[in-house]
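Following: one structure in structure tokens, then a few remarks.
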Amino acid sequence: MPKCPHCKEAITLDSARKDSADEVQKDVEGTVKKEIMYSCPHCDCVLGFAFFLGGLLTGRP
């Protein structure tokens, strides 16, 4: 299981386990260009960023 590089707590990327308290937080912003920020659920430190074209152009949520 991966660990946060800041607080060393165990985290998971598995979104299928909705009851998990150690799931990485994923904040999505934007309508056409989706920008995503991943953060640790324990210490709220930023773990990474990502983006993709979605919304109206590709039909992705």
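For the structure tokens, the naming scheme is as follows: chains receive sequential letters (A, B, ...) according to their order of presentation, residues are indexed from 1 within each chain, and ligands are indexed from 1 in presentation order.
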
Near A:Val24, counting only C-alpha atoms, which residues have an atom at most 8 Å away, once you skip same-chain residues fewer than 4 positions from it, shown as a VMD selection string? chain A and resid 11 to 13 38 to 41

Polymer residues at most 12 Å from A:Glu35, only C-alpha atoms, same-chain spacing of 6 or more positions, as number ranges by chain: A: 26-29, 48-55, 61

Can I get the selection written as a compact mmCIF listing (two decimals), in the first residue's frame, with N, CA and C atoms?
# COMPACT_ATOMS: atom_id res chain seq x y z
N LYS A 26 -9.72 13.78 -4.44
CA LYS A 26 -9.61 14.20 -5.83
C LYS A 26 -10.56 15.36 -6.06
N ASP A 27 -10.01 16.55 -6.35
CA ASP A 27 -10.81 17.74 -6.61
C ASP A 27 -10.74 18.06 -8.10
N VAL A 28 -11.90 18.12 -8.78
CA VAL A 28 -11.96 18.36 -10.21
C VAL A 28 -12.61 19.71 -10.45
N GLU A 29 -11.99 20.53 -11.29
CA GLU A 29 -12.51 21.86 -11.65
C GLU A 29 -12.50 22.01 -13.15
N GLY A 48 -0.28 15.67 -6.20
CA GLY A 48 -0.06 15.81 -7.64
C GLY A 48 -1.19 16.51 -8.34
N PHE A 49 -0.94 16.83 -9.62
CA PHE A 49 -1.91 17.50 -10.47
C PHE A 49 -2.06 16.72 -11.77
N ALA A 50 -3.20 16.85 -12.41
CA ALA A 50 -3.43 16.24 -13.72
C ALA A 50 -4.47 17.08 -14.45
N PHE A 51 -4.58 16.89 -15.76
CA PHE A 51 -5.63 17.55 -16.53
C PHE A 51 -5.98 16.70 -17.74
N PHE A 52 -7.19 16.89 -18.24
CA PHE A 52 -7.62 16.26 -19.47
C PHE A 52 -8.73 17.12 -20.07
N LEU A 53 -8.90 16.96 -21.38
CA LEU A 53 -9.98 17.65 -22.06
C LEU A 53 -11.24 16.81 -21.90
N GLY A 54 -12.27 17.40 -21.36
CA GLY A 54 -13.49 16.66 -21.12
C GLY A 54 -14.69 17.55 -21.28
N GLY A 55 -15.75 17.16 -20.65
CA GLY A 55 -16.95 17.97 -20.70
C GLY A 55 -17.61 17.97 -22.05
N PRO A 61 -17.32 13.22 -18.07
CA PRO A 61 -17.75 14.09 -16.97
C PRO A 61 -16.61 14.87 -16.35

Atomic separation - atom CA of A:His42 relative to atom CA of A:Glu23, Å: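 Calculated distance between atom CA of A:Glu23 and atom CA of A:His42 is 9.4 Å.
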
Non-local contacts of A:Cys4 (9 Å; only C-alpha atoms; under 2 positions in same chain excluded) as a list in words: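 Counting only the stated atoms, we get Pro2, His6, Cys7, Lys8, Glu9, Ala10, Ile11, Cys40, His42, Cys43, Cys45 and Leu47 of chain A.
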